[in-house]
file input.txt (compact mmCIF, C-alpha atoms)
# COMPACT_ATOMS: atom_id res chain seq x y z
CA MET A 14 47.19 40.36 6.42
CA LYS A 15 47.24 37.43 8.81
CA GLN A 16 43.50 37.87 9.40
CA CYS A 17 42.89 37.88 5.63
CA LEU A 18 44.85 34.69 5.16
CA THR A 19 42.86 32.99 7.88
CA ILE A 20 39.50 34.06 6.46
CA CYS A 21 40.51 33.15 2.90
CA ALA A 22 41.72 29.76 4.02
CA MET A 23 38.42 29.12 5.76
CA ALA A 24 36.49 30.18 2.67
CA LEU A 25 38.53 27.92 0.41
CA SER A 26 38.02 25.08 2.85
CA VAL A 27 34.24 25.51 2.75
CA MET A 28 34.17 25.87 -1.04
CA GLY A 29 36.31 22.81 -1.48
CA SER A 30 34.30 20.60 0.89
CA PRO A 31 32.28 17.98 -0.95
CA ALA A 32 28.49 18.05 -0.47
CA GLN A 33 27.25 15.62 2.13
CA ALA A 34 26.39 12.34 0.43
CA LEU A 35 22.74 11.30 0.38
CA ASP A 36 21.73 8.01 1.93
CA LYS A 37 20.74 5.62 -0.89
CA VAL A 38 17.41 3.85 -0.36
CA VAL A 39 15.73 1.35 -2.69
CA TYR A 40 12.00 0.97 -2.06
CA GLY A 41 10.12 -1.75 -3.92
CA LEU A 42 6.57 -0.97 -5.07
CA ASN A 43 3.92 -3.69 -5.08
CA TRP A 44 2.98 -3.03 -8.73
CA VAL A 45 3.79 -0.77 -11.65
CA PRO A 46 3.56 2.94 -10.68
CA GLN A 47 -0.05 4.10 -10.39
CA GLY A 48 -2.26 6.56 -8.53
CA GLU A 49 -2.23 4.54 -5.32
CA HIS A 50 1.52 5.25 -5.13
CA CYS A 51 0.98 9.01 -5.30
CA GLY A 52 2.59 9.89 -1.97
CA PHE A 53 5.89 8.22 -2.82
CA PHE A 54 6.18 9.91 -6.20
CA GLN A 55 5.07 13.25 -4.80
CA ALA A 56 7.78 13.07 -2.15
CA GLN A 57 10.33 12.23 -4.81
CA ALA A 58 9.19 14.86 -7.33
CA LYS A 59 8.99 17.65 -4.75
CA GLY A 60 12.40 16.81 -3.28
CA TYR A 61 11.13 15.79 0.14
CA TYR A 62 13.31 12.69 0.21
CA LYS A 63 16.41 14.71 -0.66
CA ASP A 64 15.47 17.29 1.95
CA THR A 65 15.77 14.57 4.59
CA GLY A 66 19.09 13.33 3.22
CA LEU A 67 17.80 10.44 1.12
CA ASP A 68 18.48 9.37 -2.45
CA VAL A 69 15.41 7.21 -3.10
CA GLU A 70 14.86 4.77 -5.95
CA LEU A 71 11.23 3.70 -6.33
CA ARG A 72 11.54 0.31 -8.00
CA PRO A 73 8.39 -0.93 -9.82
CA GLY A 74 6.90 -4.31 -9.09
CA ASN A 75 5.18 -6.81 -11.37
CA PRO A 76 3.62 -10.29 -11.05
CA ASN A 77 7.02 -11.92 -11.51
CA VAL A 78 8.76 -9.98 -8.73
CA ASN A 79 8.58 -11.26 -5.16
CA MET A 80 9.25 -8.05 -3.22
CA PRO A 81 9.02 -9.63 0.25
CA LEU A 82 11.66 -12.18 -0.76
CA MET A 83 13.91 -9.46 -2.16
CA VAL A 84 13.60 -7.41 1.03
CA ALA A 85 14.24 -10.49 3.17
CA ALA A 86 17.35 -11.26 1.09
CA GLY A 87 18.66 -7.70 1.42
CA GLU A 88 18.41 -7.00 -2.32
CA ILE A 89 15.99 -4.13 -1.61
CA ASP A 90 16.04 -1.97 1.50
CA MET A 91 12.31 -1.57 2.08
CA GLY A 92 9.16 -2.65 0.31
CA MET A 93 5.45 -2.01 -0.07
CA GLY A 94 3.08 -4.58 1.32
CA SER A 95 0.15 -5.07 3.66
CA SER A 96 -0.50 -6.55 7.09
CA PHE A 97 -0.30 -9.97 5.46
CA THR A 98 3.22 -9.31 4.18
CA THR A 99 5.05 -9.20 7.48
CA LEU A 100 2.73 -11.70 9.17
CA ASN A 101 3.64 -14.14 6.39
CA LEU A 102 7.35 -13.37 6.73
CA VAL A 103 7.34 -13.77 10.51
CA ASN A 104 5.35 -16.98 10.17
CA ARG A 105 8.15 -18.28 7.93
CA GLY A 106 10.82 -17.32 10.43
CA VAL A 107 11.94 -14.08 8.74
CA LYS A 108 12.38 -11.17 11.13
CA ALA A 109 10.66 -8.25 9.42
CA ARG A 110 8.22 -5.52 10.43
CA THR A 111 5.72 -3.08 8.99
CA VAL A 112 6.76 0.44 9.99
CA ALA A 113 3.92 2.53 8.49
CA ALA A 114 0.61 2.05 6.65
CA PHE A 115 -0.54 4.74 4.24
CA PHE A 116 -3.84 3.07 3.32
CA GLN A 117 -6.09 2.82 6.33
CA LYS A 118 -8.60 0.98 4.15
CA ASP A 119 -7.59 -1.79 1.80
CA PRO A 120 -9.07 -0.96 -1.66
CA GLN A 121 -10.09 -4.60 -2.18
CA THR A 122 -13.64 -5.11 -3.46
CA LEU A 123 -16.03 -7.69 -4.78
CA VAL A 124 -17.75 -6.48 -7.95
CA ALA A 125 -21.14 -7.45 -9.37
CA HIS A 126 -23.28 -6.24 -12.25
CA ALA A 127 -26.03 -3.74 -11.55
CA GLY A 128 -29.58 -5.09 -11.45
CA GLN A 129 -28.60 -8.51 -10.09
CA GLY A 130 -29.92 -8.08 -6.56
CA VAL A 131 -26.53 -7.25 -5.06
CA SER A 132 -26.15 -4.29 -2.73
CA THR A 133 -24.38 -5.68 0.34
CA LEU A 134 -21.67 -8.21 1.06
CA GLN A 135 -24.26 -10.64 2.44
CA ASP A 136 -25.95 -10.72 -0.97
CA LEU A 137 -22.88 -12.51 -2.33
CA LYS A 138 -22.69 -15.30 0.22
CA ASP A 139 -24.09 -18.03 -2.04
CA ARG A 140 -22.86 -16.77 -5.42
CA ARG A 141 -19.95 -17.94 -7.51
CA ILE A 142 -17.07 -15.47 -7.26
CA MET A 143 -13.95 -15.24 -9.40
CA ILE A 144 -10.98 -15.00 -7.01
CA GLY A 145 -7.28 -15.20 -7.85
CA GLN A 146 -5.08 -17.84 -6.27
CA PHE A 147 -3.09 -15.28 -4.27
CA SER A 148 -6.24 -13.66 -2.89
CA ARG A 149 -7.64 -17.02 -1.78
CA ASN A 150 -4.99 -17.07 0.93
CA GLU A 151 -5.74 -13.52 2.03
CA PHE A 152 -9.08 -11.69 1.94
CA TRP A 153 -10.99 -14.85 1.04
CA GLN A 154 -9.97 -16.31 4.40
CA PHE A 155 -11.46 -13.25 6.09
CA LEU A 156 -14.74 -13.73 4.22
CA LYS A 157 -14.87 -17.37 5.27
CA ALA A 158 -14.11 -16.66 8.92
CA LYS A 159 -16.33 -13.60 9.40
CA PHE A 160 -19.19 -14.07 6.93
CA GLY A 161 -19.41 -17.80 6.28
CA PHE A 162 -18.31 -17.77 2.65
CA SER A 163 -17.37 -21.21 1.30
CA ASP A 164 -14.68 -22.53 -1.02
CA ASP A 165 -17.53 -24.03 -3.06
CA GLN A 166 -18.18 -20.47 -4.30
CA LEU A 167 -14.72 -20.09 -5.80
CA ALA A 168 -14.26 -19.67 -9.54
CA ALA A 169 -11.04 -19.09 -11.45
CA TYR A 170 -9.88 -15.52 -11.95
CA SER A 171 -7.28 -14.77 -14.62
CA TYR A 172 -6.94 -11.02 -13.99
CA SER A 173 -8.92 -10.36 -17.16
CA ALA A 174 -12.24 -8.51 -17.14
CA ALA A 175 -13.52 -10.38 -20.20
CA PRO A 176 -15.34 -13.22 -18.36
CA PHE A 177 -17.00 -10.72 -16.01
CA LEU A 178 -18.13 -8.44 -18.82
CA ALA A 179 -19.54 -11.34 -20.79
CA ASP A 180 -21.71 -12.73 -17.97
CA PRO A 181 -24.23 -10.41 -16.25
CA LYS A 182 -24.43 -12.79 -13.30
CA ALA A 183 -20.65 -12.86 -12.77
CA VAL A 184 -18.93 -11.59 -9.63
CA GLN A 185 -15.20 -11.01 -9.33
CA GLN A 186 -12.58 -9.41 -7.12
CA GLY A 187 -11.78 -5.78 -7.84
CA TYR A 188 -10.39 -2.48 -6.57
CA ILE A 189 -12.48 0.45 -5.45
CA THR A 190 -9.96 2.82 -7.03
CA GLU A 191 -10.75 1.62 -10.55
CA ASP A 192 -13.88 -0.59 -10.70
CA ALA A 193 -16.39 2.07 -11.73
CA LEU A 194 -14.12 3.63 -14.34
CA LEU A 195 -12.52 0.63 -16.01
CA LEU A 196 -15.49 -1.76 -15.85
CA GLY A 197 -18.19 0.89 -16.09
CA LYS A 198 -17.09 2.00 -19.54
CA ALA A 199 -17.94 -1.41 -20.95
CA LEU A 200 -21.26 -1.87 -19.13
CA PRO A 201 -24.71 -0.33 -19.58
CA ALA A 202 -24.69 0.70 -15.89
CA PRO A 203 -21.91 1.18 -13.31
CA PRO A 204 -21.03 -2.04 -11.47
CA VAL A 205 -21.75 -2.60 -7.80
CA SER A 206 -18.45 -2.42 -5.90
CA ILE A 207 -18.48 -3.68 -2.34
CA LEU A 208 -15.51 -2.40 -0.35
CA LEU A 209 -14.46 -5.13 2.09
CA ALA A 210 -12.94 -2.58 4.47
CA ASP A 211 -16.46 -1.31 5.13
CA TYR A 212 -17.28 -4.76 6.49
CA GLY A 213 -14.42 -5.02 8.95
CA TYR A 214 -11.59 -6.13 6.68
CA ASP A 215 -8.83 -4.48 8.71
CA ASN A 216 -5.85 -5.22 6.49
CA TYR A 217 -3.43 -2.26 6.37
CA ALA A 218 -2.33 -1.59 2.77
CA THR A 219 0.32 0.45 0.93
CA THR A 220 2.68 -0.18 3.81
CA ILE A 221 6.41 0.21 4.34
CA PHE A 222 8.16 -2.86 5.65
CA ALA A 223 11.77 -3.90 6.21
CA THR A 224 13.78 -6.54 8.00
CA ASP A 225 14.51 -6.04 11.68
CA ALA A 226 18.22 -5.86 10.84
CA TYR A 227 17.72 -3.01 8.38
CA ILE A 228 15.43 -1.14 10.75
CA GLU A 229 17.86 -1.30 13.64
CA GLY A 230 20.87 -0.46 11.47
CA HIS A 231 19.17 2.41 9.65
CA SER A 232 16.58 3.77 12.06
CA ASN A 233 17.19 7.41 11.05
CA THR A 234 16.81 6.50 7.39
CA VAL A 235 13.55 4.64 8.06
CA GLN A 236 12.14 7.59 9.99
CA ALA A 237 13.18 10.06 7.29
CA PHE A 238 11.59 7.91 4.59
CA VAL A 239 8.33 7.57 6.52
CA ASP A 240 8.19 11.30 7.29
CA ALA A 241 8.84 12.41 3.71
CA THR A 242 6.33 9.91 2.33
CA ARG A 243 3.74 11.10 4.83
CA LYS A 244 4.20 14.63 3.52
CA GLY A 245 3.78 13.36 -0.03
CA PHE A 246 0.51 11.60 0.76
CA GLU A 247 -0.82 14.62 2.61
CA GLU A 248 -0.31 16.73 -0.50
CA CYS A 249 -1.88 14.07 -2.71
CA MET A 250 -5.00 14.06 -0.55
CA THR A 251 -5.36 17.75 0.19
CA GLY A 252 -3.25 19.64 -2.34
CA ASP A 253 -1.86 19.53 -5.86
CA ALA A 254 -0.75 16.04 -6.92
CA THR A 255 0.36 17.12 -10.39
CA PRO A 256 4.09 16.47 -9.73
CA ALA A 257 3.33 12.87 -8.72
CA MET A 258 0.95 12.39 -11.64
CA LYS A 259 3.55 13.52 -14.18
CA ALA A 260 6.20 11.26 -12.65
CA ILE A 261 3.89 8.23 -12.57
CA LEU A 262 2.53 8.69 -16.10
CA ALA A 263 6.07 9.10 -17.42
CA VAL A 264 6.75 5.53 -16.29
CA ASN A 265 3.28 4.02 -16.72
CA PRO A 266 0.97 5.99 -19.03
CA THR A 267 -1.81 3.37 -18.90
CA GLY A 268 -5.12 5.04 -18.21
CA GLY A 269 -3.63 8.51 -18.43
CA GLU A 270 -4.75 11.48 -16.37
CA GLU A 271 -8.35 10.28 -16.27
CA LEU A 272 -7.53 7.09 -14.37
CA PHE A 273 -5.00 8.82 -12.11
CA ARG A 274 -7.51 11.50 -11.09
CA PHE A 275 -10.26 8.91 -10.62
CA LYS A 276 -8.04 6.89 -8.30
CA LEU A 277 -7.20 9.92 -6.17
CA ASP A 278 -10.85 10.92 -6.07
CA GLN A 279 -11.80 7.49 -4.74
CA MET A 280 -8.94 7.57 -2.24
CA ARG A 281 -10.30 10.84 -0.88
CA LYS A 282 -14.00 9.98 -0.93
CA ARG A 283 -13.52 6.56 0.62
CA GLY A 284 -11.10 7.71 3.32
CA LEU A 285 -8.42 5.27 2.21
CA VAL A 286 -5.55 7.49 3.42
CA LEU A 287 -7.10 10.00 5.81
CA GLY A 288 -9.64 7.70 7.46
CA GLY A 289 -9.23 5.08 10.18
CA ASP A 290 -6.29 5.50 12.53
CA ALA A 291 -4.98 8.45 10.51
CA ASP A 292 -7.85 10.62 11.76
CA ARG A 293 -6.41 10.79 15.26
CA LEU A 294 -2.86 9.52 14.92
CA GLY A 295 -1.63 10.98 11.62
CA ILE A 296 -1.14 9.72 8.07
CA GLY A 297 0.59 6.34 8.04
CA ALA A 298 -0.47 5.45 11.59
CA MET A 299 -1.25 2.00 12.98
CA THR A 300 -2.53 0.65 16.31
CA ASP A 301 -1.88 -2.43 18.44
CA GLU A 302 -5.63 -2.99 18.71
CA ARG A 303 -6.19 -3.22 14.98
CA TRP A 304 -3.22 -5.50 14.37
CA THR A 305 -4.41 -7.80 17.15
CA ARG A 306 -7.99 -7.84 15.85
CA PHE A 307 -6.86 -8.63 12.31
CA PHE A 308 -4.54 -11.37 13.49
CA ASP A 309 -7.21 -12.95 15.70
CA THR A 310 -9.60 -13.20 12.73
CA LEU A 311 -6.96 -14.91 10.58
CA ALA A 312 -5.82 -17.20 13.37
CA THR A 313 -9.43 -18.26 13.83
CA ALA A 314 -9.53 -19.02 10.10
CA GLY A 315 -6.40 -21.16 10.48
CA VAL A 316 -4.19 -18.89 8.36
CA TYR A 317 -1.71 -18.37 11.20
CA PRO A 318 -0.97 -20.35 14.36
CA ARG A 319 -2.15 -18.82 17.61
CA THR A 320 1.43 -19.06 18.88
CA LEU A 321 2.66 -16.47 16.34
CA ASP A 322 3.61 -13.21 18.06
CA VAL A 323 1.69 -10.55 16.12
CA ARG A 324 3.75 -7.76 17.71
CA SER A 325 6.85 -9.10 15.99
CA ALA A 326 5.26 -8.22 12.60
CA TYR A 327 5.09 -4.44 13.13
CA THR A 328 6.34 -1.48 15.13
CA LEU A 329 4.66 1.84 15.99
CA ARG A 330 8.04 3.47 16.53
CA PHE A 331 8.05 5.37 13.23
CA SER A 332 4.43 5.76 12.20
CA ASN A 333 2.26 7.59 14.73
CA THR A 334 2.67 11.37 14.89
CA LYS A 335 -0.06 12.39 17.33

call {"tool": "encode", "arguments": {"input": "input.txt", "output": "structure tokens"}}
result
Amino acid sequence: MKQCLTICAMALSVMGSPAQALDKVVYGLNWVPQGEHCGFFQAQAKGYYKDTGLDVELRPGNPNVNMPLMVAAGEIDMGMGSSFTTLNLVNRGVKARTVAAFFQKDPQTLVAHAGQGVSTLQDLKDRRIMIGQFSRNEFWQFLKAKFGFSDDQLAAYSYSAAPFLADPKAVQQGYITEDALLLGKALPAPPVSILLADYGYDNYATTIFATDAYIEGHSNTVQAFVDATRKGFEECMTGDATPAMKAILAVNPTGGEELFRFKLDQMRKRGLVLGGDADRLGIGAMTDERWTRFFDTLATAGVYPRTLDVRSAYTLRFSNTK
């Protein structure tokens, strides 16, 4: 009888114990949900975040949301950015670091019409190019420093394809994950998309970044988030991404399945996720050498002072698995 009471008491204790609370994480996307965000939504839809003890909110971005500022202010735990994001923050005195990079190649392109004598980046050196104000402080500086592009080439870009479509001699900024599909439908021939990453543009994209304070206070959470996201991107690149697609289209149906599948196809073909450092160090990996090389180019261009400590803008503690 005594044994029964003991066992029953233990059983009741287990049954009455509340489930362990999940660690709440808010991650800010750099734009509205789309195919490039596949790994995050796959990890959420398949329960990989919950499996590691996380309750993750993927908060959409838009042109009016300054995610780096929100992360710096502690309003969001972690955010999506690029190498520029934390270099800019550190340059402004904000202690923040990139902890993983899921795009080894930045999708940034320059796009021209077919039949205009453009096949390489060098063919664009003396042409007018429509570049947005934000981009003029980022990849445009790379083009000036490495390839001799000039500010005299700059033309206004309003994030509308109409001026490009109307002028067969026009050149504008674009994205390899959508140029051929979105612009090609309105043109007699597919446009020429020049991927800057193929010319040494070493910017890491689709990153995870956070403040130093958050990283040090939540190191297990950061590692769990990186690991689960890595698993999501691996499935998006090599398996069935349907769970992510359904979740993304439920929030942002623009373009539908056709655009989503086109984006993933380009991500695979171009080695955006599985190329670069990921080949030997795992999905999400980064290297000291690449960060230093990227910083040196931008410091030469005058974007950052030489005195800035590039190693304070990132950490390899969470990202490299091999």

call {"tool": "residues_around", "arguments": {"input": "input.txt", "residues": "Gln57 in chain A", "least_positions_apart": "3", "cutoff": "12 Å", "atoms": "all atoms listed in the file", "output": "MDAnalysis selection string"}}
result
chainID A and resid 38 40 50:54 60:71 238 241:246 254 256:261

call {"tool": "closest_residue", "arguments": {"input": "input.txt", "among": "A:Ala291, A:Ile89, A:Ala237, A:Val45", "to": "Ala263 in chain A", "atoms": "only C-alpha atoms"}}
result
A:Val45

call {"tool": "closest_residue", "arguments": {"input": "input.txt", "among": "A:Glu270, A:Asp240, A:Glu151, A:Asp292", "to": "Thr310 in chain A", "atoms": "only C-alpha atoms"}}
result
A:Glu151

call {"tool": "residues_around", "arguments": {"input": "input.txt", "residues": "Gly284 in chain A", "least_positions_apart": "3", "cutoff": "9 Å", "atoms": "all atoms listed in the file", "output": "MDAnalysis selection string"}}
result
chainID A and resid 116:118 279:281 287:289

call {"tool": "atom_distance", "arguments": {"input": "input.txt", "atom1": "CA of Val323 in chain A", "atom2": "CA of Ile221 in chain A"}}
result
16.6 Å

call {"tool": "residues_around", "arguments": {"input": "input.txt", "residues": "Pro76 in chain A", "least_positions_apart": "4", "cutoff": "10 Å", "atoms": "only C-alpha atoms", "output": "MDAnalysis selection string"}}
result
chainID A and resid 43:45 80

call {"tool": "write_last_selection", "arguments": {"input": "input.txt", "atoms": "C-alpha atoms", "output": "PDB file, in the coordinates of the input"}}
result
ATOM      1  CA  ASN A  43       3.920  -3.690  -5.080  1.00  0.00           C
ATOM      2  CA  TRP A  44       2.980  -3.030  -8.730  1.00  0.00           C
ATOM      3  CA  VAL A  45       3.790  -0.770 -11.650  1.00  0.00           C
ATOM      4  CA  MET A  80       9.250  -8.050  -3.220  1.00  0.00           C
TER       5      MET A  80
END

call {"tool": "closest_atom_pairs", "arguments": {"input": "input.txt", "of": "range 79-155 of chain A", "to": "range 210-219 of chain A", "cutoff": "9 Å", "atoms": "all atoms listed in the file", "output": "tab-separated table"}}
result
residue	atom	partner	partner_atom	distance
A:Met93	CA	A:Thr219	CA	5.8
A:Gly94	CA	A:Thr219	CA	5.8
A:Ser95	CA	A:Ala218	CA	4.4
A:Ser96	CA	A:Tyr217	CA	5.2
A:Phe97	CA	A:Asn216	CA	7.4
A:Ala113	CA	A:Thr219	CA	8.6
A:Ala114	CA	A:Tyr217	CA	5.9
A:Phe115	CA	A:Thr219	CA	5.5
A:Phe116	CA	A:Ala218	CA	4.9
A:Gln117	CA	A:Tyr217	CA	5.7
A:Lys118	CA	A:Ala210	CA	5.6
A:Asp119	CA	A:Ala218	CA	5.4
A:Pro120	CA	A:Ala210	CA	7.4
A:Gln121	CA	A:Ala210	CA	7.5
A:Thr122	CA	A:Ala210	CA	8.4
A:Leu134	CA	A:Tyr212	CA	7.8
A:Phe152	CA	A:Tyr214	CA	7.7
A:Phe155	CA	A:Tyr214	CA	7.1

call {"tool": "atom_distance", "arguments": {"input": "input.txt", "atom1": "CA of Ala202 in chain A", "atom2": "CA of Ile189 in chain A"}}
result
16.1 Å

call {"tool": "atom_distance", "arguments": {"input": "input.txt", "atom1": "CA of Ala174 in chain A", "atom2": "CA of Gly161 in chain A"}}
result
26.2 Å

call {"tool": "decode", "arguments": {"input": "input.txt", "residues": "range 157-171 of chain A", "atoms": "N, CA and C atoms", "output": "compact mmCIF listing (two decimals), in the first residue's frame"}}
result
# COMPACT_ATOMS: atom_id res chain seq x y z
N LYS A 157 32.45 51.23 -57.53
CA LYS A 157 33.37 52.36 -57.71
C LYS A 157 34.80 51.97 -57.33
N ALA A 158 34.94 51.29 -56.20
CA ALA A 158 36.27 50.95 -55.71
C ALA A 158 36.96 49.88 -56.54
N LYS A 159 36.21 48.87 -56.98
CA LYS A 159 36.82 47.72 -57.65
C LYS A 159 36.79 47.81 -59.17
N PHE A 160 35.82 48.52 -59.74
CA PHE A 160 35.66 48.50 -61.19
C PHE A 160 35.65 49.89 -61.83
N GLY A 161 35.85 50.93 -61.03
CA GLY A 161 35.97 52.27 -61.58
C GLY A 161 34.68 52.90 -62.04
N PHE A 162 33.54 52.41 -61.53
CA PHE A 162 32.27 53.07 -61.85
C PHE A 162 32.28 54.47 -61.26
N SER A 163 31.47 55.36 -61.83
CA SER A 163 31.47 56.77 -61.41
C SER A 163 30.07 57.22 -61.03
N ASP A 164 30.00 58.16 -60.11
CA ASP A 164 28.70 58.72 -59.72
C ASP A 164 28.01 59.43 -60.88
N ASP A 165 28.77 59.79 -61.91
CA ASP A 165 28.18 60.42 -63.09
C ASP A 165 27.23 59.47 -63.81
N GLN A 166 27.35 58.17 -63.53
CA GLN A 166 26.49 57.17 -64.18
C GLN A 166 25.14 57.04 -63.48
N LEU A 167 25.01 57.57 -62.29
CA LEU A 167 23.83 57.34 -61.49
C LEU A 167 22.58 58.00 -62.07
N ALA A 168 21.50 57.23 -62.04
CA ALA A 168 20.17 57.74 -62.40
C ALA A 168 19.20 57.33 -61.30
N ALA A 169 18.14 58.07 -61.15
CA ALA A 169 17.18 57.80 -60.07
C ALA A 169 16.48 56.46 -60.29
N TYR A 170 16.25 55.77 -59.18
CA TYR A 170 15.53 54.49 -59.21
C TYR A 170 14.42 54.55 -58.17
N SER A 171 13.18 54.35 -58.63
CA SER A 171 12.02 54.50 -57.74
C SER A 171 11.41 53.17 -57.35
